[in-house]
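K.L.:
This one is model.cif, mmCIF, C-alpha atoms.
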data_upload
#
loop_
_atom_site.label_atom_id
_atom_site.label_comp_id
_atom_site.auth_asym_id
_atom_site.auth_seq_id
_atom_site.Cartn_x
_atom_site.Cartn_y
_atom_site.Cartn_z
CA VAL A 29 37.04 71.30 142.99
CA ILE A 30 39.32 71.32 139.97
CA HIS A 31 42.61 69.45 140.20
CA LEU A 32 45.11 70.80 137.70
CA TYR A 33 47.73 68.63 135.96
CA ALA A 34 49.38 70.83 133.35
CA LEU A 35 49.12 73.74 130.97
CA SER A 36 49.44 73.03 127.27
CA ALA A 37 49.69 75.02 124.09
CA ALA A 38 47.24 72.90 122.14
CA PRO A 39 44.05 71.17 123.25
CA ASN A 40 44.80 67.59 124.15
CA ASP A 41 42.44 64.72 123.53
CA LEU A 42 42.99 62.68 126.65
CA ALA A 43 39.81 60.67 126.38
CA GLY A 44 40.54 57.30 127.88
CA VAL A 45 43.42 58.58 129.97
CA PRO A 46 42.42 58.22 133.61
CA GLY A 47 43.20 61.06 135.96
CA VAL A 48 43.79 60.88 139.68
CA ASP A 49 41.42 58.32 141.23
CA GLY A 50 40.29 57.40 137.73
CA ALA A 51 38.52 60.70 137.09
CA PRO A 52 38.18 61.84 133.47
CA VAL A 53 40.65 64.46 132.27
CA GLU A 54 39.25 67.61 130.70
CA THR A 55 40.88 70.24 128.55
CA LEU A 56 39.78 73.66 129.75
CA PRO A 57 40.54 76.58 127.41
CA ILE A 58 42.15 79.60 128.98
CA GLU A 59 42.99 81.38 125.76
CA PRO A 60 45.45 81.15 124.23
CA ILE A 61 46.51 78.08 126.23
CA HIS A 62 44.73 75.12 127.77
CA ALA A 63 44.54 73.61 131.22
CA LEU A 64 44.37 69.87 131.78
CA ALA A 65 42.28 69.09 134.82
CA SER A 66 39.88 66.75 136.57
CA ARG A 67 36.82 67.68 138.61
CA TYR A 68 35.95 66.31 142.03
CA SER A 69 32.90 66.85 144.16
CA ASP A 70 34.75 66.32 147.40
CA PRO A 71 37.41 68.48 149.03
CA PRO A 72 41.05 67.85 148.08
CA PHE A 73 42.10 64.25 148.56
CA PRO A 74 45.02 63.03 150.67
CA VAL A 75 48.27 62.65 148.80
CA THR A 76 49.49 59.10 148.17
CA VAL A 77 52.14 57.61 145.94
CA ASP A 78 49.45 56.14 143.71
CA ARG A 79 47.92 59.57 143.18
CA LEU A 80 51.31 61.09 142.41
CA VAL A 81 51.92 58.41 139.81
CA GLU A 82 48.46 59.00 138.31
CA HIS A 83 49.11 62.75 138.21
CA ASP A 84 52.37 62.17 136.38
CA ALA A 85 50.73 59.71 133.98
CA VAL A 86 48.31 62.40 132.78
CA ILE A 87 51.18 64.82 132.24
CA GLU A 88 53.16 62.15 130.38
CA SER A 89 50.18 61.41 128.12
CA ALA A 90 49.77 65.07 127.24
CA PHE A 91 53.53 65.48 126.83
CA ALA A 92 53.48 62.74 124.20
CA CYS A 93 51.25 65.01 122.09
CA GLY A 94 53.11 68.28 122.51
CA PRO A 95 54.76 70.68 124.93
CA VAL A 96 53.30 71.01 128.40
CA LEU A 97 54.06 72.86 131.57
CA PRO A 98 53.59 70.36 134.40
CA VAL A 99 51.75 71.78 137.38
CA ARG A 100 52.84 70.84 140.87
CA PHE A 101 50.66 68.25 142.56
CA GLY A 102 48.13 69.76 144.92
CA SER A 103 47.05 72.71 142.81
CA THR A 104 43.29 72.85 143.26
CA PHE A 105 40.71 75.50 142.45
CA THR A 106 37.07 75.88 143.33
CA ASP A 107 35.98 76.41 139.73
CA GLU A 108 37.12 77.48 136.26
CA ARG A 109 36.78 81.15 137.10
CA GLU A 110 39.21 80.86 139.98
CA LEU A 111 41.58 78.83 137.82
CA ALA A 112 41.53 81.49 135.11
CA THR A 113 42.14 84.18 137.71
CA HIS A 114 45.45 82.53 138.55
CA VAL A 115 46.50 81.65 134.99
CA LEU A 116 45.63 84.78 133.01
CA PRO A 117 48.00 87.24 134.73
CA ARG A 118 50.94 85.03 133.69
CA VAL A 119 49.61 83.65 130.46
CA ASP A 120 52.14 85.48 128.26
CA SER A 121 55.07 83.93 130.10
CA PHE A 122 53.43 80.51 129.89
CA VAL A 123 53.03 80.90 126.12
CA ARG A 124 56.70 81.85 125.76
CA GLN A 125 57.89 78.99 127.93
CA LEU A 126 55.75 76.45 126.04
CA ALA A 127 57.30 77.59 122.77
CA LEU A 128 60.84 77.29 124.14
CA LEU A 129 60.21 73.83 125.55
CA ASP A 130 58.78 72.46 122.31
CA GLY A 131 60.74 69.39 121.24
CA CYS A 132 62.65 69.13 124.51
CA VAL A 133 62.69 66.61 127.32
CA GLU A 134 64.15 66.62 130.79
CA LEU A 135 66.85 64.25 131.97
CA ALA A 136 67.37 63.86 135.69
CA LEU A 137 70.73 63.27 137.32
CA ARG A 138 71.02 61.79 140.79
CA VAL A 139 74.36 61.40 142.51
CA ASP A 140 74.62 59.34 145.69
CA PHE A 141 77.63 59.17 147.94
CA ALA A 142 77.67 57.03 151.06
CA ASP A 143 79.27 59.04 153.82
CA THR A 144 78.12 59.55 157.37
CA ASP A 145 79.50 63.09 157.41
CA PRO A 146 76.79 65.26 155.87
CA PHE A 147 79.19 68.07 155.02
CA ARG A 148 81.56 65.74 153.22
CA ARG A 149 78.64 64.10 151.43
CA THR A 150 77.23 67.43 150.30
CA ARG A 151 80.58 68.61 149.06
CA ALA A 152 81.22 65.38 147.17
CA VAL A 153 77.88 65.24 145.38
CA THR A 154 77.97 68.93 144.55
CA VAL A 155 81.35 68.59 142.86
CA VAL A 156 80.23 65.58 140.84
CA VAL A 157 76.92 67.15 139.81
CA GLU A 158 78.71 70.28 138.63
CA ASP A 159 81.21 68.20 136.67
CA LEU A 160 78.56 66.04 135.00
CA VAL A 161 76.41 69.02 134.11
CA ALA A 162 79.41 70.80 132.65
CA ALA A 163 80.19 67.75 130.52
CA ALA A 164 76.71 67.80 128.99
CA ALA A 165 76.11 71.54 128.99
CA GLY A 166 77.01 71.89 125.33
CA ASP A 167 74.05 69.71 124.39
CA ALA A 168 71.62 71.20 126.88
CA ARG A 169 69.11 73.94 126.15
CA ALA A 170 68.99 74.65 129.88
CA VAL A 171 70.19 73.20 133.15
CA ASN A 172 68.72 73.30 136.63
CA THR A 173 71.22 72.80 139.41
CA ASP A 174 69.14 74.29 142.22
CA ASP A 175 69.36 70.99 144.10
CA LYS A 176 72.98 70.15 143.41
CA ALA A 177 73.79 70.04 147.12
CA GLN A 178 71.34 67.16 147.35
CA GLY A 179 73.03 65.46 144.42
CA ARG A 180 70.32 66.30 141.92
CA ALA A 181 70.25 68.21 138.67
CA ALA A 182 68.11 68.37 135.55
CA LEU A 183 69.03 69.00 131.95
CA LEU A 184 66.71 70.17 129.22
CA ILE A 185 67.65 68.29 126.07
CA GLU A 186 66.27 68.16 122.59
CA ARG A 187 64.51 64.85 122.19
CA ALA A 188 66.83 63.73 119.41
CA ALA A 189 69.89 64.27 121.61
CA VAL A 190 68.86 62.04 124.52
CA ASP A 191 70.99 59.03 123.61
CA ARG A 192 74.03 61.18 122.88
CA VAL A 193 73.77 63.06 126.16
CA ALA A 194 73.20 59.85 128.10
CA GLU A 195 76.40 58.45 126.62
CA VAL A 196 78.33 61.63 127.46
CA LEU A 197 77.11 61.45 131.05
CA ARG A 198 77.80 57.76 131.36
CA ARG A 199 81.38 58.21 130.23
CA ARG A 200 81.93 61.19 132.46
CA ALA A 201 80.48 59.36 135.45
CA GLY A 202 83.29 56.87 135.06
CA VAL A 203 85.83 59.37 136.36
CA HIS A 204 83.95 59.54 139.68
CA PRO A 205 84.19 55.98 140.97
CA GLN A 206 83.42 57.05 144.53
CA VAL A 207 79.79 57.87 143.78
CA GLN A 208 76.76 56.25 142.21
CA VAL A 209 75.23 58.16 139.36
CA THR A 210 71.71 57.52 138.15
CA LEU A 211 70.20 59.09 135.08
CA THR A 212 66.44 58.90 134.55
CA GLY A 213 64.13 60.17 131.87
CA PRO A 214 63.08 61.43 129.53
CA TRP A 215 60.66 63.38 131.71
CA PRO A 216 58.25 66.17 130.88
CA PRO A 217 59.99 69.47 131.70
CA TYR A 218 59.08 69.58 135.39
CA SER A 219 62.24 71.47 136.31
CA PHE A 220 61.89 74.03 133.53
CA SER A 221 58.26 74.99 133.80
CA GLU A 222 58.82 78.55 134.87
CA HIS A 223 61.38 81.14 135.80
CA ARG A 224 64.08 79.28 133.93
CA ALA A 225 66.08 80.58 131.03
CA VAL A 226 66.03 78.31 128.02
CA VAL A 227 68.40 78.73 125.11
CA ALA A 228 66.48 79.05 121.88
CA PRO A 229 67.34 76.44 119.21
CA VAL B 3 82.59 51.24 136.18
CA THR B 4 79.73 49.05 135.05
CA THR B 5 76.73 50.40 133.25
CA ASN B 6 73.33 48.87 133.59
CA TRP B 7 70.37 49.67 131.41
CA VAL B 8 67.22 49.07 133.34
CA SER B 9 63.52 49.47 132.87
CA ALA B 10 60.58 49.84 135.20
CA SER B 11 59.26 46.47 134.07
CA GLN B 12 62.25 44.88 135.76
CA ALA B 13 61.06 45.95 139.18
CA ARG B 14 62.15 43.92 142.16
CA THR B 15 60.89 43.73 145.67
CA ASP B 16 62.87 44.22 148.85
CA GLU B 17 63.24 40.47 149.01
CA GLU B 18 64.84 40.29 145.61
CA VAL B 19 67.76 42.62 146.03
CA SER B 20 69.97 39.99 144.45
CA ALA B 21 69.21 41.90 141.27
CA PRO B 22 70.34 45.31 142.48
CA PRO B 23 70.59 47.20 139.20
CA ALA B 24 66.95 46.68 138.25
CA TYR B 25 65.75 47.26 141.78
CA LEU B 26 67.77 50.42 142.15
CA GLY B 27 66.58 51.58 138.77
CA GLN B 28 62.95 51.22 139.73
CA ARG B 29 63.53 52.93 143.03
CA ALA B 30 65.35 55.77 141.36
CA THR B 31 62.55 56.24 138.86
CA LEU B 32 59.86 56.41 141.51
CA LEU B 33 61.90 58.63 143.74
CA ASP B 34 62.57 61.01 140.86
CA LEU B 35 58.89 60.93 139.94
CA ILE B 36 57.86 61.82 143.48
CA ASP B 37 60.48 64.55 143.69
CA ARG B 38 59.22 66.07 140.47
CA VAL B 39 55.50 65.89 141.10
CA LEU B 40 55.83 67.25 144.64
CA ASP B 41 58.63 69.74 144.22
CA LYS B 42 58.72 70.89 140.59
CA GLY B 43 56.31 72.32 138.08
CA VAL B 44 54.25 75.45 137.84
CA VAL B 45 52.91 76.83 141.09
CA LEU B 46 49.83 78.88 140.34
CA SER B 47 48.84 79.90 143.80
CA ALA B 48 49.88 79.72 147.39
CA GLN B 49 47.02 77.38 148.15
CA LEU B 50 48.84 74.14 147.49
CA MET B 51 47.07 71.60 149.59
CA LEU B 52 50.19 69.77 150.72
CA SER B 53 51.58 70.31 154.17
CA VAL B 54 55.01 69.34 155.42
CA ALA B 55 53.40 66.39 157.19
CA ASP B 56 51.85 65.26 153.91
CA VAL B 57 55.22 65.29 152.20
CA ASP B 58 56.81 63.31 155.02
CA LEU B 59 54.05 60.77 154.81
CA ILE B 60 54.57 60.42 151.10
CA TYR B 61 58.12 59.21 151.54
CA ILE B 62 56.93 56.70 154.14
CA ASP B 63 54.24 55.59 151.74
CA PHE B 64 56.89 55.40 149.04
CA ARG B 65 58.84 52.79 150.97
CA ALA B 66 55.69 50.72 151.46
CA PHE B 67 54.95 51.15 147.79
CA LEU B 68 58.27 49.63 146.85
CA ALA B 69 57.51 46.54 148.88
CA SER B 70 54.70 45.60 146.56
CA VAL B 71 55.48 44.15 143.18
CA GLU B 72 51.95 44.72 142.05
CA SER B 73 52.06 48.36 143.02
CA ALA B 74 55.36 48.83 141.24
CA ARG B 75 54.02 47.20 138.10
CA ARG B 76 50.95 49.39 138.25
CA THR B 77 53.00 52.53 137.79
CA GLY B 78 53.25 52.11 134.04
CA THR B 79 55.39 55.22 133.85
CA ARG B 80 57.11 55.96 130.59
CA SER B 81 59.90 57.77 132.33
CA GLU B 82 62.05 54.78 132.94
CA PRO B 83 65.66 55.09 133.91
CA ILE B 84 67.60 55.21 130.70
CA ALA B 85 70.90 54.42 132.31
CA GLU B 86 72.35 53.68 135.63
CA VAL B 87 76.05 54.02 136.17
CA ARG B 88 77.39 52.33 139.21
CA ALA B 89 80.98 52.82 140.11
#
Show the structure stored in the file as C-alpha coordinates.

P.N.:
Amino acid sequence: VIHLYALSAAPNDLAGVPGVDGAPVETLPIEPIHALASRYSDPPFPVTVDRLVEHDAVIESAFACGPVLPVRFGSTFTDERELATHVLPRVDSFVRQLALLDGCVELALRVDFADTDPFRRTRAVTVVVEDLVAAAAGDARAVNTDDKAQGRAALLIERAAVDRVAEVLRRRAGVHPQVQVTLTGPWPPYSFSEHRAVVAP
Amino acid sequence: VTTNWVSASQARTDEEVSAPPAYLGQRATLLDLIDRVLDKGVVLSAQLMLSVADVDLIYIDFRAFLASVESARRTGTRSEPIAEVRA
(Lines of atoms letter the chains of each structure in order from A and count residues from 1; the text may use other names and numbers.)
(Lines give C-alpha, C1' and ligand atoms only; values in the text may rest on other atoms or scores of the structure.)
Protein backbone atom coordinates (compact mmCIF):
# COMPACT_ATOMS: atom_id res chain seq x y z
CA VAL A 1 0.00 0.00 0.00
CA ILE A 2 0.97 3.64 -0.40
CA HIS A 3 0.99 5.82 2.71
CA LEU A 4 0.61 9.47 1.79
CA TYR A 5 2.27 12.32 3.73
CA ALA A 6 1.65 15.48 1.73
CA LEU A 7 1.06 17.10 -1.62
CA SER A 8 3.66 19.55 -2.87
CA ALA A 9 4.04 21.95 -5.74
CA ALA A 10 7.61 20.99 -6.55
CA PRO A 11 9.33 17.62 -6.45
CA ASN A 12 11.10 17.20 -3.14
CA ASP A 13 14.37 15.40 -2.72
CA LEU A 14 13.79 13.65 0.57
CA ALA A 15 16.54 11.10 0.17
CA GLY A 16 17.80 10.33 3.62
CA VAL A 17 14.60 11.44 5.30
CA PRO A 18 13.05 8.36 6.91
CA GLY A 19 9.33 7.87 6.58
CA VAL A 20 7.03 6.01 8.92
CA ASP A 21 8.80 2.90 10.25
CA GLY A 22 11.95 4.07 8.49
CA ALA A 23 10.60 3.49 4.99
CA PRO A 24 12.06 5.60 2.17
CA VAL A 25 10.00 8.58 1.03
CA GLU A 26 9.18 8.85 -2.65
CA THR A 27 7.98 11.76 -4.72
CA LEU A 28 5.21 10.59 -7.01
CA PRO A 29 4.23 12.98 -9.82
CA ILE A 30 0.54 13.63 -10.26
CA GLU A 31 0.88 16.49 -12.69
CA PRO A 32 1.07 19.31 -12.05
CA ILE A 33 1.71 18.53 -8.38
CA HIS A 34 3.56 15.83 -6.47
CA ALA A 35 2.65 13.37 -3.76
CA LEU A 36 5.07 12.43 -1.00
CA ALA A 37 4.57 8.84 0.02
CA SER A 38 6.07 5.61 1.28
CA ARG A 39 5.29 2.09 0.12
CA TYR A 40 4.56 -0.87 2.36
CA SER A 41 3.99 -4.49 1.52
CA ASP A 42 1.78 -5.11 4.50
CA PRO A 43 -1.70 -3.78 5.24
CA PRO A 44 -1.99 -0.45 7.05
CA PHE A 45 -0.07 -0.37 10.31
CA PRO A 46 -1.50 0.45 13.73
CA VAL A 47 -1.28 4.08 14.71
CA THR A 48 1.20 4.98 17.44
CA VAL A 49 2.65 8.25 18.69
CA ASP A 50 6.00 7.34 17.16
CA ARG A 51 4.40 6.90 13.75
CA LEU A 52 2.55 10.20 14.06
CA VAL A 53 5.80 11.95 14.88
CA GLU A 54 7.51 10.25 11.91
CA HIS A 55 4.64 11.28 9.63
CA ASP A 56 4.98 14.88 10.76
CA ALA A 57 8.78 14.78 10.37
CA VAL A 58 8.42 13.97 6.66
CA ILE A 59 5.98 16.83 6.21
CA GLU A 60 8.28 19.19 8.10
CA SER A 61 11.24 18.18 5.90
CA ALA A 62 9.28 18.85 2.74
CA PHE A 63 7.88 22.07 4.18
CA ALA A 64 11.43 23.32 4.68
CA CYS A 65 11.85 23.17 0.90
CA GLY A 66 8.58 24.76 -0.17
CA PRO A 67 4.82 24.84 0.28
CA VAL A 68 3.06 21.60 1.09
CA LEU A 69 -0.44 20.47 1.84
CA PRO A 70 -0.16 18.05 4.76
CA VAL A 71 -2.30 14.95 4.38
CA ARG A 72 -4.09 13.53 7.38
CA PHE A 73 -2.45 10.48 8.90
CA GLY A 74 -4.03 7.24 7.77
CA SER A 75 -4.51 8.06 4.11
CA THR A 76 -3.52 4.88 2.30
CA PHE A 77 -4.01 3.70 -1.26
CA THR A 78 -3.50 0.37 -2.95
CA ASP A 79 -1.34 1.81 -5.72
CA GLU A 80 -0.45 4.97 -7.65
CA ARG A 81 -3.47 4.63 -9.91
CA GLU A 82 -5.85 4.71 -6.98
CA LEU A 83 -3.96 7.64 -5.47
CA ALA A 84 -4.24 9.60 -8.72
CA THR A 85 -7.94 8.79 -8.91
CA HIS A 86 -8.44 10.65 -5.64
CA VAL A 87 -6.07 13.55 -6.32
CA LEU A 88 -6.83 14.48 -9.93
CA PRO A 89 -10.47 15.56 -9.50
CA ARG A 90 -9.33 18.22 -7.01
CA VAL A 91 -5.92 19.01 -8.41
CA ASP A 92 -6.84 22.55 -9.49
CA SER A 93 -7.88 23.51 -5.97
CA PHE A 94 -4.71 21.95 -4.59
CA VAL A 95 -2.60 24.01 -7.00
CA ARG A 96 -4.38 27.20 -5.94
CA GLN A 97 -4.05 26.44 -2.25
CA LEU A 98 -0.34 25.63 -2.58
CA ALA A 99 0.24 28.99 -4.25
CA LEU A 100 -1.63 30.86 -1.52
CA LEU A 101 0.24 29.07 1.26
CA ASP A 102 3.66 29.80 -0.21
CA GLY A 103 5.80 31.61 2.36
CA CYS A 104 3.36 31.04 5.20
CA VAL A 105 3.48 29.03 8.39
CA GLU A 106 0.88 28.03 10.92
CA LEU A 107 0.91 29.11 14.54
CA ALA A 108 -1.21 27.17 17.00
CA LEU A 109 -2.97 28.70 19.97
CA ARG A 110 -4.08 26.61 22.91
CA VAL A 111 -6.03 28.09 25.80
CA ASP A 112 -6.53 26.08 28.97
CA PHE A 113 -8.83 27.01 31.81
CA ALA A 114 -9.16 24.85 34.90
CA ASP A 115 -12.83 24.64 35.77
CA THR A 116 -14.90 21.62 36.65
CA ASP A 117 -17.96 23.10 34.96
CA PRO A 118 -17.62 22.21 31.28
CA PHE A 119 -20.00 24.94 30.15
CA ARG A 120 -18.11 27.61 32.05
CA ARG A 121 -14.81 26.25 30.75
CA THR A 122 -16.03 26.25 27.16
CA ARG A 123 -17.34 29.77 27.44
CA ALA A 124 -14.13 31.04 29.01
CA VAL A 125 -11.76 29.52 26.46
CA THR A 126 -13.95 30.56 23.55
CA VAL A 127 -13.92 34.19 24.66
CA VAL A 128 -10.14 34.20 25.10
CA VAL A 129 -9.47 32.46 21.79
CA GLU A 130 -11.65 34.95 19.96
CA ASP A 131 -9.90 37.85 21.67
CA LEU A 132 -6.40 36.56 20.92
CA VAL A 133 -7.24 35.80 17.31
CA ALA A 134 -8.72 39.25 16.89
CA ALA A 135 -5.54 40.80 18.29
CA ALA A 136 -3.41 39.04 15.67
CA ALA A 137 -5.89 39.04 12.80
CA GLY A 138 -4.28 42.04 11.14
CA ASP A 139 -1.09 40.05 10.62
CA ALA A 140 -2.77 36.81 9.62
CA ARG A 141 -3.40 35.64 6.08
CA ALA A 142 -6.08 33.33 7.45
CA VAL A 143 -7.43 32.07 10.75
CA ASN A 144 -9.04 28.79 11.71
CA THR A 145 -11.24 28.96 14.77
CA ASP A 146 -13.24 25.79 14.12
CA ASP A 147 -12.06 24.39 17.46
CA LYS A 148 -12.35 27.54 19.55
CA ALA A 149 -14.77 25.86 21.95
CA GLN A 150 -11.96 23.46 22.78
CA GLY A 151 -9.60 26.38 23.31
CA ARG A 152 -7.74 25.92 20.05
CA ALA A 153 -7.15 28.10 17.03
CA ALA A 154 -4.64 28.38 14.22
CA LEU A 155 -3.28 31.40 12.41
CA LEU A 156 -1.66 31.42 9.00
CA ILE A 157 1.23 33.86 9.16
CA GLU A 158 3.89 34.92 6.74
CA ARG A 159 7.14 33.40 7.90
CA ALA A 160 8.76 36.78 8.44
CA ALA A 161 5.97 37.87 10.77
CA VAL A 162 6.21 35.00 13.26
CA ASP A 163 8.14 36.85 15.95
CA ARG A 164 5.94 39.92 15.68
CA VAL A 165 2.73 37.93 15.94
CA ALA A 166 4.09 35.90 18.85
CA GLU A 167 4.82 39.12 20.69
CA VAL A 168 1.34 40.49 19.95
CA LEU A 169 -0.23 37.31 21.28
CA ARG A 170 1.99 37.20 24.33
CA ARG A 171 1.06 40.74 25.28
CA ARG A 172 -2.61 40.15 24.67
CA ALA A 173 -2.56 36.96 26.72
CA GLY A 174 -1.55 39.08 29.67
CA VAL A 175 -5.03 40.55 29.94
CA HIS A 176 -6.45 37.07 30.56
CA PRO A 177 -4.75 36.02 33.79
CA GLN A 178 -7.37 33.36 34.49
CA VAL A 179 -6.20 31.10 31.67
CA GLN A 180 -3.01 29.51 30.41
CA VAL A 181 -2.13 30.32 26.84
CA THR A 182 0.31 28.24 24.84
CA LEU A 183 1.56 29.17 21.41
CA THR A 184 3.36 26.54 19.33
CA GLY A 185 4.87 26.56 15.89
CA PRO A 186 5.75 27.34 13.27
CA TRP A 187 3.91 24.35 11.81
CA PRO A 188 3.27 23.33 8.23
CA PRO A 189 -0.21 24.58 7.29
CA TYR A 190 -2.16 21.61 8.64
CA SER A 191 -5.20 23.73 9.46
CA PHE A 192 -5.26 25.49 6.09
CA SER A 193 -4.81 22.62 3.70
CA GLU A 194 -8.21 22.83 2.10
CA HIS A 195 -11.54 24.56 2.13
CA ARG A 196 -10.06 27.58 3.83
CA ALA A 197 -9.99 31.08 2.48
CA VAL A 198 -6.55 32.63 2.46
CA VAL A 199 -5.97 36.32 1.90
CA ALA A 200 -3.58 36.86 -0.97
CA PRO A 201 -0.43 38.86 -0.12
CA VAL B 1 2.09 37.15 33.75
CA THR B 2 5.36 35.36 33.19
CA THR B 3 6.54 34.30 29.79
CA ASN B 4 8.65 31.26 29.25
CA TRP B 5 10.45 30.41 26.06
CA VAL B 6 10.86 26.70 25.83
CA SER B 7 12.18 24.16 23.41
CA ALA B 8 11.60 20.48 22.84
CA SER B 9 15.16 19.73 23.88
CA GLN B 10 14.23 20.82 27.39
CA ALA B 11 11.84 17.92 27.80
CA ARG B 12 11.13 16.68 31.29
CA THR B 13 9.63 13.51 32.57
CA ASP B 14 6.68 13.15 34.90
CA GLU B 15 9.14 12.88 37.74
CA GLU B 16 10.71 16.20 36.93
CA VAL B 17 7.74 18.49 37.06
CA SER B 18 9.78 20.86 39.18
CA ALA B 19 10.57 22.47 35.85
CA PRO B 20 7.00 23.02 34.72
CA PRO B 21 7.51 25.47 31.87
CA ALA B 22 9.75 23.16 29.86
CA TYR B 23 7.66 20.12 30.66
CA LEU B 24 4.45 21.85 29.73
CA GLY B 25 6.06 23.15 26.59
CA GLN B 26 7.05 19.69 25.45
CA ARG B 27 3.64 18.31 26.28
CA ALA B 28 1.94 21.11 24.41
CA THR B 29 4.11 20.53 21.36
CA LEU B 30 3.37 16.83 21.22
CA LEU B 31 -0.29 17.31 21.89
CA ASP B 32 -0.52 19.90 19.13
CA LEU B 33 1.41 17.60 16.82
CA ILE B 34 -0.97 14.71 17.49
CA ASP B 35 -4.00 16.96 17.09
CA ARG B 36 -2.72 18.15 13.74
CA VAL B 37 -1.63 14.85 12.26
CA LEU B 38 -4.83 13.09 13.32
CA ASP B 39 -7.37 15.83 12.84
CA LYS B 40 -6.07 18.28 10.23
CA GLY B 41 -4.74 18.13 6.72
CA VAL B 42 -6.10 17.06 3.39
CA VAL B 43 -8.55 14.18 3.43
CA LEU B 44 -8.47 12.50 0.05
CA SER B 45 -10.91 9.72 0.62
CA ALA B 46 -13.29 8.29 3.13
CA GLN B 47 -11.03 5.31 3.64
CA LEU B 48 -8.96 6.74 6.46
CA MET B 49 -7.75 3.76 8.37
CA LEU B 50 -8.23 5.26 11.81
CA SER B 51 -11.17 4.28 13.94
CA VAL B 52 -12.45 6.06 17.01
CA ALA B 53 -10.81 3.35 19.11
CA ASP B 54 -7.49 4.03 17.40
CA VAL B 55 -7.70 7.71 18.24
CA ASP B 56 -8.54 6.97 21.87
CA LEU B 57 -5.58 4.64 22.07
CA ILE B 58 -3.31 7.29 20.67
CA TYR B 59 -3.99 9.62 23.56
CA ILE B 60 -3.30 6.79 26.00
CA ASP B 61 -0.11 6.05 24.14
CA PHE B 62 0.68 9.75 24.25
CA ARG B 63 0.71 9.75 28.04
CA ALA B 64 3.03 6.75 28.08
CA PHE B 65 5.17 8.49 25.51
CA LEU B 66 5.63 11.47 27.79
CA ALA B 67 6.92 9.25 30.55
CA SER B 68 9.98 8.37 28.55
CA VAL B 69 12.76 10.90 28.21
CA GLU B 70 14.29 8.91 25.42
CA SER B 71 11.06 8.85 23.48
CA ALA B 72 10.59 12.57 23.94
CA ARG B 73 14.12 13.26 22.76
CA ARG B 74 13.57 11.05 19.75
CA THR B 75 10.84 13.32 18.41
CA GLY B 76 13.29 15.77 16.91
CA THR B 77 10.39 17.94 15.78
CA ARG B 78 11.19 21.38 14.49
CA SER B 79 7.85 22.69 15.58
CA GLU B 80 8.85 23.62 19.05
CA PRO B 81 6.76 25.86 21.20
CA ILE B 82 7.88 29.37 20.47
CA ALA B 83 6.31 30.85 23.54
CA GLU B 84 4.34 29.83 26.51
CA VAL B 85 2.45 32.42 28.46
CA ARG B 86 1.36 31.37 31.87
CA ALA B 87 -0.82 33.67 33.86

K.L.:
What box, with edges along x, y and z, holds each listed atom of segment 99-114 of chain A when 8 Å is added on every side, and can you state its centre and edge lengths in Å to one decimal, as AutoDock Vina command-line options?

P.N.:
--center_x 44.4 --center_y 76.2 --center_z 140.0 --size_x 32.9 --size_y 31.9 --size_z 25.8

K.L.:
For Val171 of chain A, which of A:Gln206, A:Ala194, A:Val133, A:Ala189 is the closest residue, counting only C-alpha atoms?

P.N.:
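Distance minimum relative to Val171 of chain A lands on A:Val133.
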
K.L.:
When you get a sec, could you note down which chain A residues fall within 7 Å of chain B, using all atoms listed in the file, as JSON, numbers by chain?

P.N.:
{"A": [75, 76, 77, 80, 81, 84, 85, 97, 98, 99, 100, 101, 102, 103, 114, 115, 198, 201, 202, 205, 206, 207, 208, 209, 210, 211, 212, 213, 214, 215, 218, 219, 221, 222]}

K.L.:
Please compute the atom CA of Phe122 of chain A-atom CA of Arg180 of chain A distance, one decimal, in Å.

P.N.:
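Separation of atom CA of Phe122 of chain A and atom CA of Arg180 of chain A: 25.1 Å.
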
K.L.:
Have a look at A:Val139, A:Leu64, A:Ala164, A:His204 and name the one nearest to Lys176 of chain A; count only C-alpha atoms.

P.N.:
A:Val139

K.L.:
Which protein, DNA or RNA residues are at most 8 Å from (40.8, 68.1, 127.8) in the file's coordinates when you count all atoms listed in the file, listed as JSON, numbers by chain?

P.N.:
{"A": [39, 40, 41, 42, 43, 53, 54, 55, 56, 63, 64, 65]}

K.L.:
Go ahead and compute the interatomic distance for atom CA of Val123 of chain A and atom CA of Asp49 of chain A, in Å to one decimal.

P.N.:
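Taking atom CA of Val123 of chain A as the start and atom CA of Asp49 of chain A as the end point, the length is 29.5 Å.
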
K.L.:
When you look at Gln178 of chain A with a cut-off of 9 Å (counting all atoms listed in the file), what residues show up, excluding the ones that are within fewer than 2 positions of it in the same chain? I need them as a PyMOL selection string.

P.N.:
chain A and resi 138-140+149-150+153-154+175-176+180-181

K.L.:
To one decimal place, how far is atom CA of Ala188 of chain A from atom CA of Val119 of chain A in Å?

P.N.:
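Interatomic distance here is 28.6 Å.
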
K.L.:
Which residues, written as number ranges by chain, have at least one atom at most 9 Å from Gly50 of chain A, with only C-alpha atoms counted and residues fewer than 4 positions away on the same chain left out?

P.N.:
A: 45-46, 82

K.L.:
Would you pick out the contacts of Ile58 of chain A at 10 Å or less, using all atoms listed in the file, so that residues sharing its chain but fewer than 5 positions from it are not included, and give the list as a ChimeraX atom specification?

P.N.:
/A:35-36,63,108-109,111-113,115-116,119

K.L.:
Between A:Pro117, A:Pro146, A:Pro217, A:Pro52, which is the closest to Ala177 of chain A once you count only C-alpha atoms?

P.N.:
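Counting only C-alpha atoms, the residue closest to Ala177 of chain A is A:Pro146.
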
K.L.:
Which residue out of A:Leu135, A:Leu129, A:Val190, A:Leu32 has the minimum interatomic distance to Gly94 of chain A when all atoms listed in the file are used?

P.N.:
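Closest to Gly94 of chain A of all the choices is A:Leu129.
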